[in-house]
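Printed here is upload_16.csv (CSV, C-alpha atoms):
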chain,number,residue,atom,x,y,z
A,25,MET,CA,0.0,0.0,0.0
A,26,ARG,CA,1.0,3.7,-0.2
A,27,ALA,CA,1.1,5.8,2.9
A,28,TRP,CA,2.4,9.2,4.0
A,29,VAL,CA,5.1,9.1,6.8
A,30,VAL,CA,6.7,11.9,8.9
A,31,ASP,CA,10.2,11.5,7.5
A,32,ARG,CA,11.7,14.4,9.4
A,33,PRO,CA,9.6,16.6,11.7
A,34,GLY,CA,9.8,20.2,10.6
A,35,PRO,CA,7.9,23.1,9.0
A,36,VAL,CA,5.2,22.3,6.4
A,37,GLY,CA,5.9,25.5,4.5
A,38,PRO,CA,6.9,25.8,0.8
A,39,GLY,CA,9.4,23.3,-0.5
A,40,GLU,CA,10.3,19.8,0.9
A,41,GLY,CA,8.3,19.3,4.0
A,42,PRO,CA,8.2,16.6,6.7
A,43,LEU,CA,5.8,14.2,4.9
A,44,ARG,CA,7.0,11.6,2.4
A,45,LEU,CA,4.9,9.2,0.4
A,46,VAL,CA,6.2,5.6,0.6
A,47,GLU,CA,5.2,2.1,-0.3
A,48,LYS,CA,5.0,-0.4,2.5
A,49,PRO,CA,3.2,-3.7,3.3
A,50,VAL,CA,-0.5,-3.6,4.3
A,51,PRO,CA,-0.4,-3.9,8.1
A,52,VAL,CA,-1.4,-7.1,9.7
A,53,PRO,CA,-4.0,-6.6,12.5
A,54,GLY,CA,-3.1,-7.9,15.9
A,55,ALA,CA,-5.2,-10.5,17.7
A,56,ASP,CA,-7.6,-7.9,19.0
A,57,GLU,CA,-7.4,-5.5,16.1
A,58,LEU,CA,-9.3,-4.6,12.9
A,59,LEU,CA,-7.8,-3.9,9.6
A,60,VAL,CA,-9.5,-0.8,8.1
A,61,ARG,CA,-9.4,0.3,4.5
A,62,VAL,CA,-9.4,4.1,4.7
A,63,ARG,CA,-12.0,6.0,2.7
A,64,ALA,CA,-11.7,9.4,4.3
A,65,CYS,CA,-9.5,11.0,6.9
A,66,GLY,CA,-9.9,14.5,8.5
A,67,VAL,CA,-7.0,16.9,8.7
A,68,CYS,CA,-6.6,17.8,12.4
A,69,ARG,CA,-4.3,20.5,13.9
A,70,THR,CA,-2.7,17.6,16.0
A,71,ASP,CA,-1.5,16.1,12.7
A,72,LEU,CA,0.2,19.4,12.1
A,73,HIS,CA,1.8,19.3,15.5
A,74,VAL,CA,3.1,15.7,14.9
A,75,ALA,CA,4.4,16.6,11.5
A,76,GLU,CA,6.2,19.8,12.6
A,77,GLY,CA,7.6,18.3,15.8
A,78,ASP,CA,5.6,20.4,18.3
A,79,LEU,CA,4.8,17.1,19.9
A,80,PRO,CA,7.7,14.8,20.7
A,81,VAL,CA,8.3,11.8,18.4
A,82,HIS,CA,6.6,8.7,19.7
A,83,ARG,CA,7.0,6.5,16.6
A,84,PRO,CA,9.7,7.4,14.0
A,85,GLY,CA,8.3,7.6,10.5
A,86,VAL,CA,4.7,7.5,11.8
A,87,THR,CA,1.7,7.9,9.5
A,88,PRO,CA,-0.5,10.7,10.8
A,89,GLY,CA,-4.2,10.9,10.7
A,90,HIS,CA,-6.9,10.1,13.4
A,91,GLU,CA,-10.2,11.1,12.0
A,92,VAL,CA,-10.7,8.0,9.9
A,93,VAL,CA,-13.8,6.7,8.2
A,94,GLY,CA,-13.3,3.4,6.5
A,95,VAL,CA,-14.5,-0.2,6.1
A,96,VAL,CA,-13.5,-3.4,7.9
A,97,ALA,CA,-11.1,-5.3,5.6
A,98,GLY,CA,-9.8,-7.9,8.1
A,99,ALA,CA,-9.7,-8.8,11.7
A,100,GLY,CA,-7.5,-10.6,14.3
A,101,PRO,CA,-8.6,-14.0,15.7
A,102,ALA,CA,-9.9,-12.5,19.0
A,103,VAL,CA,-12.2,-10.0,17.4
A,104,ARG,CA,-16.0,-10.7,17.4
A,105,GLY,CA,-19.0,-8.7,16.2
A,106,PHE,CA,-17.6,-7.1,13.0
A,107,ALA,CA,-18.1,-8.2,9.4
A,108,LEU,CA,-16.1,-7.4,6.3
A,109,GLY,CA,-17.4,-4.1,4.8
A,110,ASP,CA,-18.8,-2.6,8.1
A,111,ARG,CA,-18.3,1.1,8.1
A,112,VAL,CA,-16.3,2.2,11.2
A,113,GLY,CA,-14.5,5.2,12.6
A,114,VAL,CA,-11.0,5.4,14.0
A,115,ALA,CA,-10.3,8.2,16.4
A,116,TRP,CA,-7.4,9.7,18.4
A,117,LEU,CA,-7.5,7.5,21.5
A,118,ARG,CA,-6.2,4.1,20.4
A,119,ARG,CA,-5.6,2.1,23.5
A,120,THR,CA,-5.5,2.3,27.3
A,121,ASP,CA,-4.4,-0.2,29.9
A,122,GLY,CA,-7.9,-0.5,31.5
A,123,THR,CA,-6.4,-1.2,34.9
A,124,CYS,CA,-4.9,2.0,36.2
A,125,VAL,CA,-6.6,4.2,38.8
A,126,HIS,CA,-7.8,6.6,36.1
A,127,CYS,CA,-9.3,3.9,33.9
A,128,ARG,CA,-11.0,2.4,36.8
A,129,ARG,CA,-12.7,5.7,37.7
A,130,GLY,CA,-13.9,6.3,34.2
A,131,ALA,CA,-11.1,8.8,33.2
A,132,GLU,CA,-9.3,6.6,30.6
A,133,ASN,CA,-8.3,9.8,28.8
A,134,LEU,CA,-5.8,10.3,31.7
A,135,CYS,CA,-4.3,6.8,31.5
A,136,PRO,CA,-0.5,7.0,31.7
A,137,ALA,CA,-0.2,4.1,29.3
A,138,SER,CA,-2.6,5.5,26.7
A,139,GLU,CA,-1.7,5.3,23.0
A,140,TYR,CA,-2.9,7.5,20.1
A,141,THR,CA,-3.6,7.0,16.5
A,142,GLY,CA,-1.2,8.8,14.2
A,143,TRP,CA,1.3,9.4,17.0
A,144,ASP,CA,2.0,6.1,18.8
A,145,ALA,CA,0.7,4.0,15.9
A,146,ASP,CA,0.2,4.6,12.1
A,147,GLY,CA,-3.0,6.4,11.3
A,148,GLY,CA,-5.2,7.3,8.3
A,149,TYR,CA,-3.0,9.1,5.8
A,150,ALA,CA,-2.7,5.8,4.1
A,151,GLU,CA,-4.7,3.2,2.2
A,152,TYR,CA,-5.1,1.0,5.3
A,153,THR,CA,-4.7,1.3,9.1
A,154,THR,CA,-5.3,-0.9,12.1
A,155,VAL,CA,-7.2,-0.2,15.3
A,156,PRO,CA,-8.0,-2.2,18.5
A,157,ALA,CA,-11.6,-3.4,18.0
A,158,ALA,CA,-12.5,-2.1,21.5
A,159,PHE,CA,-11.6,1.4,20.5
A,160,VAL,CA,-13.3,1.5,17.1
A,161,HIS,CA,-16.5,3.5,16.6
A,162,ARG,CA,-19.5,2.1,14.8
A,163,LEU,CA,-21.0,4.6,12.4
A,164,PRO,CA,-24.7,3.8,11.8
A,165,PHE,CA,-25.3,7.2,10.2
A,166,ASP,CA,-26.5,5.9,6.8
A,167,ASP,CA,-27.6,9.3,5.7
A,168,ILE,CA,-24.2,11.0,6.3
A,169,ASP,CA,-21.3,10.5,3.9
A,170,ASP,CA,-17.7,9.6,4.8
A,171,VAL,CA,-16.4,13.2,4.3
A,172,ALA,CA,-19.1,14.7,6.6
A,173,LEU,CA,-18.5,12.0,9.3
A,174,ALA,CA,-14.7,12.2,9.5
A,175,PRO,CA,-14.4,15.5,11.4
A,176,LEU,CA,-16.8,14.3,14.1
A,177,LEU,CA,-14.3,11.7,15.1
A,178,CYS,CA,-11.8,14.1,16.7
A,179,ALA,CA,-12.8,17.7,16.2
A,180,GLY,CA,-16.3,16.9,17.3
A,181,ILE,CA,-15.5,14.7,20.2
A,182,ILE,CA,-12.8,17.0,21.6
A,183,GLY,CA,-15.0,20.0,21.2
A,184,HIS,CA,-17.7,18.2,23.1
A,185,ARG,CA,-15.4,17.3,26.0
A,186,ALA,CA,-14.2,20.9,26.0
A,187,LEU,CA,-17.8,22.1,26.2
A,188,ARG,CA,-18.4,19.9,29.3
A,189,ARG,CA,-15.1,21.0,30.9
A,190,CYS,CA,-16.0,24.7,30.6
A,191,ALA,CA,-19.0,24.1,32.9
A,192,LEU,CA,-21.4,26.2,30.8
A,193,PRO,CA,-24.6,26.8,32.7
A,194,PRO,CA,-28.0,26.3,31.1
A,195,GLY,CA,-28.7,29.2,28.7
A,196,GLY,CA,-25.2,30.5,29.5
A,197,ARG,CA,-22.9,32.9,27.6
A,198,LEU,CA,-20.1,31.0,25.8
A,199,GLY,CA,-17.0,32.4,24.1
A,200,LEU,CA,-15.1,30.4,21.5
A,201,TYR,CA,-11.6,31.5,20.8
A,202,GLY,CA,-10.6,30.2,17.3
A,203,PHE,CA,-13.3,28.8,15.0
A,204,GLY,CA,-11.9,25.9,13.0
A,205,GLY,CA,-13.0,22.3,12.7
A,206,SER,CA,-13.6,21.6,16.4
A,207,ALA,CA,-15.1,25.0,17.4
A,208,HIS,CA,-17.7,25.1,14.6
A,209,LEU,CA,-19.0,21.6,15.7
A,210,CYS,CA,-18.9,22.5,19.4
A,211,ALA,CA,-20.9,25.7,18.6
A,212,GLN,CA,-23.7,23.8,17.1
A,213,VAL,CA,-24.2,21.6,20.2
A,214,ALA,CA,-24.0,24.6,22.5
A,215,LEU,CA,-26.6,26.5,20.4
A,216,ALA,CA,-28.9,23.5,20.3
A,217,GLU,CA,-28.7,23.3,24.1
A,218,GLY,CA,-29.7,27.0,24.5
A,219,ALA,CA,-26.4,28.8,24.9
A,220,ARG,CA,-25.7,32.3,23.5
A,221,VAL,CA,-22.4,31.9,21.6
A,222,HIS,CA,-19.8,34.6,20.9
A,223,VAL,CA,-16.9,33.7,18.5
A,224,LEU,CA,-13.6,35.4,18.7
A,225,THR,CA,-11.2,34.6,15.8
A,226,ARG,CA,-8.8,36.4,13.4
A,227,ASP,CA,-10.3,34.8,10.3
A,228,PRO,CA,-13.1,36.8,8.5
A,229,ALA,CA,-14.4,33.7,6.7
A,230,ALA,CA,-14.6,31.9,10.1
A,231,ARG,CA,-16.5,34.8,11.5
A,232,ARG,CA,-19.0,34.7,8.6
A,233,LEU,CA,-19.5,30.9,9.2
A,234,ALA,CA,-20.1,31.5,12.9
A,235,LEU,CA,-22.8,34.0,12.2
A,236,ALA,CA,-24.4,31.7,9.6
A,237,LEU,CA,-24.5,28.9,12.2
A,238,GLY,CA,-26.3,31.2,14.7
A,239,ALA,CA,-23.6,32.8,16.8
A,240,ALA,CA,-24.8,36.0,18.6
A,241,SER,CA,-21.6,37.8,17.6
A,242,ALA,CA,-18.3,37.2,15.8
A,243,ARG,CA,-15.3,39.5,16.5
A,244,GLY,CA,-11.5,39.5,16.3
A,245,ALA,CA,-9.6,37.2,18.6
A,246,TYR,CA,-8.3,39.9,20.9
A,247,ASP,CA,-11.5,41.9,20.9
A,248,PRO,CA,-13.7,41.9,24.0
A,249,PRO,CA,-17.0,40.1,23.6
A,250,PRO,CA,-20.2,42.2,23.7
A,251,GLU,CA,-21.1,40.8,27.2
A,252,PRO,CA,-19.3,39.0,30.0
A,253,LEU,CA,-18.9,35.3,29.5
A,254,ASP,CA,-20.0,32.5,31.8
A,255,SER,CA,-17.6,30.1,30.1
A,256,ALA,CA,-15.0,30.1,27.3
A,257,ILE,CA,-13.1,27.5,25.3
A,258,LEU,CA,-9.7,28.3,23.7
A,259,PHE,CA,-9.3,26.3,20.5
A,260,ALA,CA,-6.5,28.4,19.0
A,261,PRO,CA,-3.1,27.1,20.1
A,262,VAL,CA,-2.1,30.6,21.1
A,263,GLY,CA,-1.0,31.1,24.7
A,264,ASP,CA,-1.3,34.9,24.4
A,265,LEU,CA,-5.1,34.5,24.3
A,266,VAL,CA,-5.3,32.9,27.8
A,267,PRO,CA,-5.3,36.1,29.7
A,268,VAL,CA,-7.5,37.7,27.1
A,269,ALA,CA,-10.1,35.0,27.5
A,270,LEU,CA,-9.9,35.1,31.3
A,271,ARG,CA,-10.5,38.8,31.4
A,272,ALA,CA,-13.6,38.3,29.3
A,273,LEU,CA,-15.1,35.9,31.9
A,274,ASP,CA,-17.7,37.0,34.4
A,275,ARG,CA,-17.2,36.2,38.0
A,276,GLY,CA,-17.0,32.5,38.6
A,277,GLY,CA,-16.4,31.8,34.9
A,278,VAL,CA,-14.4,28.9,33.5
A,279,LEU,CA,-11.9,28.8,30.6
A,280,ALA,CA,-11.1,25.4,29.1
A,281,VAL,CA,-8.1,25.1,26.8
A,282,ALA,CA,-8.9,22.5,24.2
A,283,GLY,CA,-5.6,22.0,22.4
A,284,ILE,CA,-2.9,19.3,22.9
A,285,HIS,CA,-0.2,22.0,22.2
A,286,LEU,CA,-0.2,25.6,23.3
A,287,SER,CA,2.4,28.4,22.8
A,288,ASP,CA,3.7,29.9,26.0
A,289,ILE,CA,1.2,31.7,28.3
A,290,PRO,CA,2.3,35.2,29.4
A,291,PRO,CA,2.3,36.0,33.1
A,292,LEU,CA,-1.2,36.2,34.6
A,293,ARG,CA,-2.3,39.0,36.9
A,294,TYR,CA,-4.2,37.6,39.8
A,295,ASP,CA,-6.5,40.7,40.3
A,296,THR,CA,-7.6,41.1,36.7
A,297,ASP,CA,-7.3,37.6,35.3
A,298,LEU,CA,-8.1,35.0,38.1
A,299,PHE,CA,-9.7,36.7,41.0
A,300,TYR,CA,-13.5,36.3,41.7
A,301,GLU,CA,-13.1,32.5,41.5
A,302,LYS,CA,-12.4,32.3,37.8
A,303,GLU,CA,-11.0,28.9,36.7
A,304,LEU,CA,-8.5,27.8,34.1
A,305,ARG,CA,-8.8,24.1,33.0
A,306,SER,CA,-7.1,21.9,30.4
A,307,VAL,CA,-8.7,19.3,28.2
A,308,THR,CA,-6.8,16.0,27.7
A,309,SER,CA,-8.0,13.7,24.8
A,310,ASN,CA,-11.3,12.0,25.4
A,311,THR,CA,-13.0,8.9,26.7
A,312,ARG,CA,-14.9,6.5,24.6
A,313,GLU,CA,-18.0,7.5,26.5
A,314,ASP,CA,-17.4,11.1,25.3
A,315,ALA,CA,-17.4,9.8,21.8
A,316,ARG,CA,-20.6,7.9,22.2
A,317,GLU,CA,-22.3,10.8,23.8
A,318,PHE,CA,-21.2,13.3,21.2
A,319,LEU,CA,-22.1,11.1,18.2
A,320,SER,CA,-25.6,10.6,19.8
A,321,LEU,CA,-26.0,14.4,20.2
A,322,ALA,CA,-24.7,15.0,16.7
A,323,ALA,CA,-27.4,12.7,15.3
A,324,LEU,CA,-30.1,14.3,17.6
A,325,HIS,CA,-29.3,17.9,16.8
A,326,GLY,CA,-28.3,17.5,13.2
A,327,VAL,CA,-24.7,18.7,13.8
A,328,HIS,CA,-23.0,19.0,10.5
A,329,ALA,CA,-19.4,19.7,9.5
A,330,THR,CA,-18.5,22.4,7.0
A,331,THR,CA,-15.9,20.6,4.9
A,332,HIS,CA,-13.2,21.1,2.3
A,333,THR,CA,-12.2,18.0,0.5
A,334,CYS,CA,-8.6,17.2,-0.7
A,335,PRO,CA,-7.2,14.1,-2.3
A,336,LEU,CA,-5.1,12.1,0.1
A,337,SER,CA,-2.3,12.2,-2.5
A,338,ARG,CA,-2.0,15.9,-1.6
A,339,ALA,CA,-1.8,15.6,2.1
A,340,PRO,CA,1.2,18.0,2.5
A,341,GLU,CA,-0.7,20.8,0.7
A,342,ALA,CA,-3.7,20.2,3.0
A,343,LEU,CA,-1.5,20.6,6.1
A,344,ARG,CA,0.0,23.8,4.7
A,345,ASP,CA,-3.4,25.2,4.0
A,346,LEU,CA,-4.5,24.3,7.6
A,347,LYS,CA,-1.5,26.1,9.0
A,348,GLY,CA,-2.2,29.1,6.9
A,349,GLY,CA,-5.8,29.3,8.1
A,350,ARG,CA,-7.2,28.7,4.6
A,351,PHE,CA,-10.0,26.4,5.8
A,352,ASP,CA,-13.3,27.7,7.4
A,353,GLY,CA,-14.6,24.5,9.0
A,354,ALA,CA,-12.7,21.2,8.5
A,355,ALA,CA,-10.6,19.7,5.8
A,356,VAL,CA,-11.0,16.0,4.8
A,357,LEU,CA,-8.6,13.9,2.8
A,358,VAL,CA,-10.4,11.5,0.4
A,359,ASN,CA,-8.4,8.3,-0.4
A,360,ASP,CA,-7.2,8.4,-4.0
A,361,LEU,CA,-4.1,6.3,-3.3
A,362,GLY,CA,-5.7,3.0,-4.2
File written out as structure tokens:
Amino acid sequence: MRAWVVDRPGPVGPGEGPLRLVEKPVPVPGADELLVRVRACGVCRTDLHVAEGDLPVHRPGVTPGHEVVGVVAGAGPAVRGFALGDRVGVAWLRRTDGTCVHCRRGAENLCPASEYTGWDADGGYAEYTTVPAAFVHRLPFDDIDDVALAPLLCAGIIGHRALRRCALPPGGRLGLYGFGGSAHLCAQVALAEGARVHVLTRDPAARRLALALGAASARGAYDPPPEPLDSAILFAPVGDLVPVALRALDRGGVLAVAGIHLSDIPPLRYDTDLFYEKELRSVTSNTREDAREFLSLAALHGVHATTHTCPLSRAPEALRDLKGGRFDGAAVLVNDLG
């Protein structure tokens, strides 16, 4: 099969970048794994962090990609309950130990032995990938195509966990800093649940999309929202925005930082940024229960991804466009490698 690998982590700018297209054997699924033929794979900012080396190398020459929609093409001997041709989703969380204190209390996203698709194991920028059957997601959405489903498998799930982490009260005022693949899905759930949503982003096209989806306002990333916020989520990987978002919170407000990587946070002032019981929280991966809950809500509320499709053979260009902010919504790679 053909697959993209991170040959040397580094900038994805013009010229020779970190990705290289190679030929390699089709992977053999382990005893508890499925072999999945990739049909579509979302382009996530975490893929960019893996390719550019913002995240430490876990697997040299890894194939990125963890928003995979595909079909079952094989299975290990211990797998039950799947048939060839079943449509399934492969997401970021690949495996946990199931025995640590975090897994036992339902916080498997904090498992110290956790593994991740496209970082610890080869992901979806390829013709085939493997996934432990216990961590695959069944996709019974017959009326939604592969491209529309792919961003739900990470952007949607992480946005949903961030929404719960920011403790938005019923009918509350929510600020979203950055409005890419994850935020535009999170916004739809928040709006469906009765929130008033304010979007703060540098991208004019993203601001237009936010208003079209029903946001109460859309302003520049460093602008103050039109009213104090009960909760906020920082999706942009920009540490400079942390004090900006904290100052925008009302008393008792909560800011959740949704990214896996963030540039340095400048010094915070206690009196203006944190006093009055404001809270700053991080978001780490997700649990399988998060995924099941979000996919159910997505079906209930008709959450839909605004997508831009690219051939998988042009994955480096898609990462460059993502870095350059040229996507409003989410980008999805469609397998044209074979």
Select, counting only C-alpha atoms, all protein, DNA and RNA residues no farther than 6 Å from (-14.6, 20.4, 14.2) in file coordinates, and express the selection as number ranges by chain. A: 175, 179-180, 205-209
Closest to Leu200 in chain A among A:His325, A:Arg231, A:Arg26, A:Arg104, using only C-alpha atoms? A:Arg231
In Å to one decimal, how far is CA of Gly263 in chain A from CA of Ala245 in chain A?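 We find that CA of Ala245 in chain A and CA of Gly263 in chain A lie 12.2 Å from each other.
Selection around (-10.3, 24.6, 31.1) with radius 8 Å, counting all atoms listed in the file, yields the residues Ala186, Arg189, Cys190, Ile257, Val278, Leu279, Ala280, Val281, Ala282, Glu303, Leu304, Arg305, Ser306 and Val307 of chain A.
You will find CA of Asp110 in chain A at 5.4 Å from CA of Val96 in chain A.
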Mind checking which residues fall within 8 Å of range 292-300 of chain A, counting only C-alpha atoms, ignoring those fewer than 6 positions away in the same chain, and posting them as a short mmCIF file (atom, residue, chain, number, x, y, z; two decimals) with C-alpha atoms, keeping the file's coordinate frame?
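Saved result, result_32.cif, follows:
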data_model
loop_
_atom_site.label_atom_id
_atom_site.label_comp_id
_atom_site.auth_asym_id
_atom_site.auth_seq_id
_atom_site.Cartn_x
_atom_site.Cartn_y
_atom_site.Cartn_z
CA PRO A 267 -5.30 36.10 29.70
CA LEU A 270 -9.90 35.10 31.30
CA ARG A 271 -10.50 38.80 31.40
CA ARG A 275 -17.20 36.20 38.00
CA GLY A 276 -17.00 32.50 38.60
#
Which residue, A:Val52, A:Leu117, A:Ala174, A:Val30, has the smallest gap to Arg83 in chain A when you use only C-alpha atoms?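 Once distances to Arg83 in chain A are computed over only C-alpha atoms, the minimum belongs to A:Val30.
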Nearest to Gly199 in chain A by atom-to-atom distance, counting all atoms listed in the file, from A:Phe259, A:Phe165, A:Trp143, A:Tyr152: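 Result for the nearest residue to Gly199 in chain A: A:Phe259.
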Under the rule that only C-alpha atoms are counted, which of A:Asp170, A:Glu341, A:Asp254, A:Asp264 is the nearest residue to Pro42 in chain A?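 Looking at the shortest contact to Pro42 in chain A, the residue is A:Glu341.
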For a test of reading the model, state the distance in Å between CA of His222 in chain A and CA of Asp345 in chain A, rounded to one decimal.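 Interatomic distance, CA of His222 in chain A to CA of Asp345 in chain A: 25.4 Å.
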Nearest residue to Thr333 in chain A from the set A:Asp144, A:Leu192, A:Ala64, A:Asp31 (distances using all atoms listed in the file): A:Ala64
Residues within 10 Å of range 326-330 of chain A, please, as a compact mmCIF listing (two decimals) with C-alpha atoms, in the coordinates of the input. Count only C-alpha atoms; anything in the same chain fewer than 5 positions from it doesn't count.
# COMPACT_ATOMS: atom_id res chain seq x y z
CA ILE A 168 -24.20 11.00 6.30
CA VAL A 171 -16.40 13.20 4.30
CA ALA A 172 -19.10 14.70 6.60
CA LEU A 173 -18.50 12.00 9.30
CA ALA A 174 -14.70 12.20 9.50
CA PRO A 175 -14.40 15.50 11.40
CA LEU A 176 -16.80 14.30 14.10
CA ALA A 179 -12.80 17.70 16.20
CA GLY A 180 -16.30 16.90 17.30
CA GLY A 204 -11.90 25.90 13.00
CA GLY A 205 -13.00 22.30 12.70
CA SER A 206 -13.60 21.60 16.40
CA HIS A 208 -17.70 25.10 14.60
CA LEU A 209 -19.00 21.60 15.70
CA CYS A 210 -18.90 22.50 19.40
CA ALA A 211 -20.90 25.70 18.60
CA GLN A 212 -23.70 23.80 17.10
CA VAL A 213 -24.20 21.60 20.20
CA ALA A 216 -28.90 23.50 20.30
CA LEU A 233 -19.50 30.90 9.20
CA PHE A 318 -21.20 13.30 21.20
CA LEU A 319 -22.10 11.10 18.20
CA SER A 320 -25.60 10.60 19.80
CA LEU A 321 -26.00 14.40 20.20
CA PHE A 351 -10.00 26.40 5.80
CA ASP A 352 -13.30 27.70 7.40
CA GLY A 353 -14.60 24.50 9.00
CA ALA A 354 -12.70 21.20 8.50
CA ALA A 355 -10.60 19.70 5.80
For Arg44 in chain A, work out the shell of residues within 10 Å, counting only C-alpha atoms and skipping chain neighbours fewer than 2 positions away, then give it as an NGL selection string. :A and (27-32 or 40-42 or 46 or 85 or 87 or 339-340)
Which residue, A:Val358, A:Leu286, A:Leu235, A:Val114, has the smallest gap to His73 in chain A when you use all atoms listed in the file?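 Residue with the minimum atom-to-atom distance to His73 in chain A: A:Leu286.
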Proximity of range 67-151 of chain A to range 313-316 of chain A: per-residue shortest pair, 12 Å limit, only C-alpha atoms, as JSON lines:
{"residue": "A:Gly113", "atom": "CA", "partner": "A:Ala315", "partner_atom": "CA", "distance": 10.7}
{"residue": "A:Val114", "atom": "CA", "partner": "A:Ala315", "partner_atom": "CA", "distance": 11.0}
{"residue": "A:Ala115", "atom": "CA", "partner": "A:Ala315", "partner_atom": "CA", "distance": 9.1}
{"residue": "A:Trp116", "atom": "CA", "partner": "A:Ala315", "partner_atom": "CA", "distance": 10.6}
{"residue": "A:Leu117", "atom": "CA", "partner": "A:Ala315", "partner_atom": "CA", "distance": 10.2}
{"residue": "A:Cys127", "atom": "CA", "partner": "A:Glu313", "partner_atom": "CA", "distance": 12.0}
{"residue": "A:Gly130", "atom": "CA", "partner": "A:Glu313", "partner_atom": "CA", "distance": 8.8}
{"residue": "A:Ala131", "atom": "CA", "partner": "A:Glu313", "partner_atom": "CA", "distance": 9.7}
{"residue": "A:Glu132", "atom": "CA", "partner": "A:Glu313", "partner_atom": "CA", "distance": 9.7}
{"residue": "A:Asn133", "atom": "CA", "partner": "A:Asp314", "partner_atom": "CA", "distance": 9.8}
Quick one: everything within 12 Å of Gly105 in chain A, counting only C-alpha atoms, minus sequence neighbours fewer than 5 positions away in the same chain. Send it as a list in words.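 Neighbouring residues, sequence-local ones excluded: Asp56, Leu58, Val96, Ala99, Gly100, Asp110, Ala157, Ala158, Val160 and Arg162 of chain A.
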Can you patch up range 322-333 of chain A, filling it in to N, CA, C and O atoms, and show the result as a PDB file, keeping the file's coordinate frame?
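Dumped everything to selection_5.pdb:
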ATOM      1  N   ALA A 322     -24.861  14.558  18.073  1.00  0.00           N
ATOM      2  CA  ALA A 322     -24.700  15.000  16.700  1.00  0.00           C
ATOM      3  C   ALA A 322     -25.902  14.529  15.848  1.00  0.00           C
ATOM      4  O   ALA A 322     -26.453  15.275  15.023  1.00  0.00           O
ATOM      5  N   ALA A 323     -26.303  13.272  16.071  1.00  0.00           N
ATOM      6  CA  ALA A 323     -27.400  12.700  15.300  1.00  0.00           C
ATOM      7  C   ALA A 323     -28.738  13.424  15.787  1.00  0.00           C
ATOM      8  O   ALA A 323     -29.590  13.770  14.960  1.00  0.00           O
ATOM      9  N   LEU A 324     -28.884  13.658  17.095  1.00  0.00           N
ATOM     10  CA  LEU A 324     -30.100  14.300  17.600  1.00  0.00           C
ATOM     11  C   LEU A 324     -30.280  15.690  17.126  1.00  0.00           C
ATOM     12  O   LEU A 324     -31.386  16.094  16.737  1.00  0.00           O
ATOM     13  N   HIS A 325     -29.202  16.481  17.121  1.00  0.00           N
ATOM     14  CA  HIS A 325     -29.300  17.900  16.800  1.00  0.00           C
ATOM     15  C   HIS A 325     -28.944  18.219  15.337  1.00  0.00           C
ATOM     16  O   HIS A 325     -28.957  19.389  14.946  1.00  0.00           O
ATOM     17  N   GLY A 326     -28.617  17.208  14.555  1.00  0.00           N
ATOM     18  CA  GLY A 326     -28.300  17.500  13.200  1.00  0.00           C
ATOM     19  C   GLY A 326     -26.984  18.241  13.000  1.00  0.00           C
ATOM     20  O   GLY A 326     -26.850  19.067  12.084  1.00  0.00           O
ATOM     21  N   VAL A 327     -26.015  17.993  13.881  1.00  0.00           N
ATOM     22  CA  VAL A 327     -24.700  18.700  13.800  1.00  0.00           C
ATOM     23  C   VAL A 327     -24.048  18.282  12.480  1.00  0.00           C
ATOM     24  O   VAL A 327     -23.961  17.101  12.146  1.00  0.00           O
ATOM     25  N   HIS A 328     -23.570  19.260  11.746  1.00  0.00           N
ATOM     26  CA  HIS A 328     -23.000  19.000  10.500  1.00  0.00           C
ATOM     27  C   HIS A 328     -21.635  19.718  10.335  1.00  0.00           C
ATOM     28  O   HIS A 328     -21.489  20.839  10.827  1.00  0.00           O
ATOM     29  N   ALA A 329     -20.688  19.084   9.682  1.00  0.00           N
ATOM     30  CA  ALA A 329     -19.400  19.700   9.500  1.00  0.00           C
ATOM     31  C   ALA A 329     -19.368  20.456   8.156  1.00  0.00           C
ATOM     32  O   ALA A 329     -19.848  19.965   7.133  1.00  0.00           O
ATOM     33  N   THR A 330     -18.840  21.665   8.207  1.00  0.00           N
ATOM     34  CA  THR A 330     -18.500  22.400   7.000  1.00  0.00           C
ATOM     35  C   THR A 330     -17.152  21.898   6.528  1.00  0.00           C
ATOM     36  O   THR A 330     -16.164  22.019   7.255  1.00  0.00           O
ATOM     37  N   THR A 331     -17.079  21.304   5.350  1.00  0.00           N
ATOM     38  CA  THR A 331     -15.900  20.600   4.900  1.00  0.00           C
ATOM     39  C   THR A 331     -15.297  21.103   3.634  1.00  0.00           C
ATOM     40  O   THR A 331     -16.010  21.633   2.774  1.00  0.00           O
ATOM     41  N   HIS A 332     -13.993  20.911   3.515  1.00  0.00           N
ATOM     42  CA  HIS A 332     -13.200  21.100   2.300  1.00  0.00           C
ATOM     43  C   HIS A 332     -12.543  19.822   1.972  1.00  0.00           C
ATOM     44  O   HIS A 332     -11.784  19.317   2.814  1.00  0.00           O
ATOM     45  N   THR A 333     -12.760  19.259   0.809  1.00  0.00           N
ATOM     46  CA  THR A 333     -12.200  18.000   0.500  1.00  0.00           C
ATOM     47  C   THR A 333     -10.878  18.151  -0.314  1.00  0.00           C
ATOM     48  O   THR A 333     -10.750  19.068  -1.128  1.00  0.00           O
TER      49      THR A 333
END
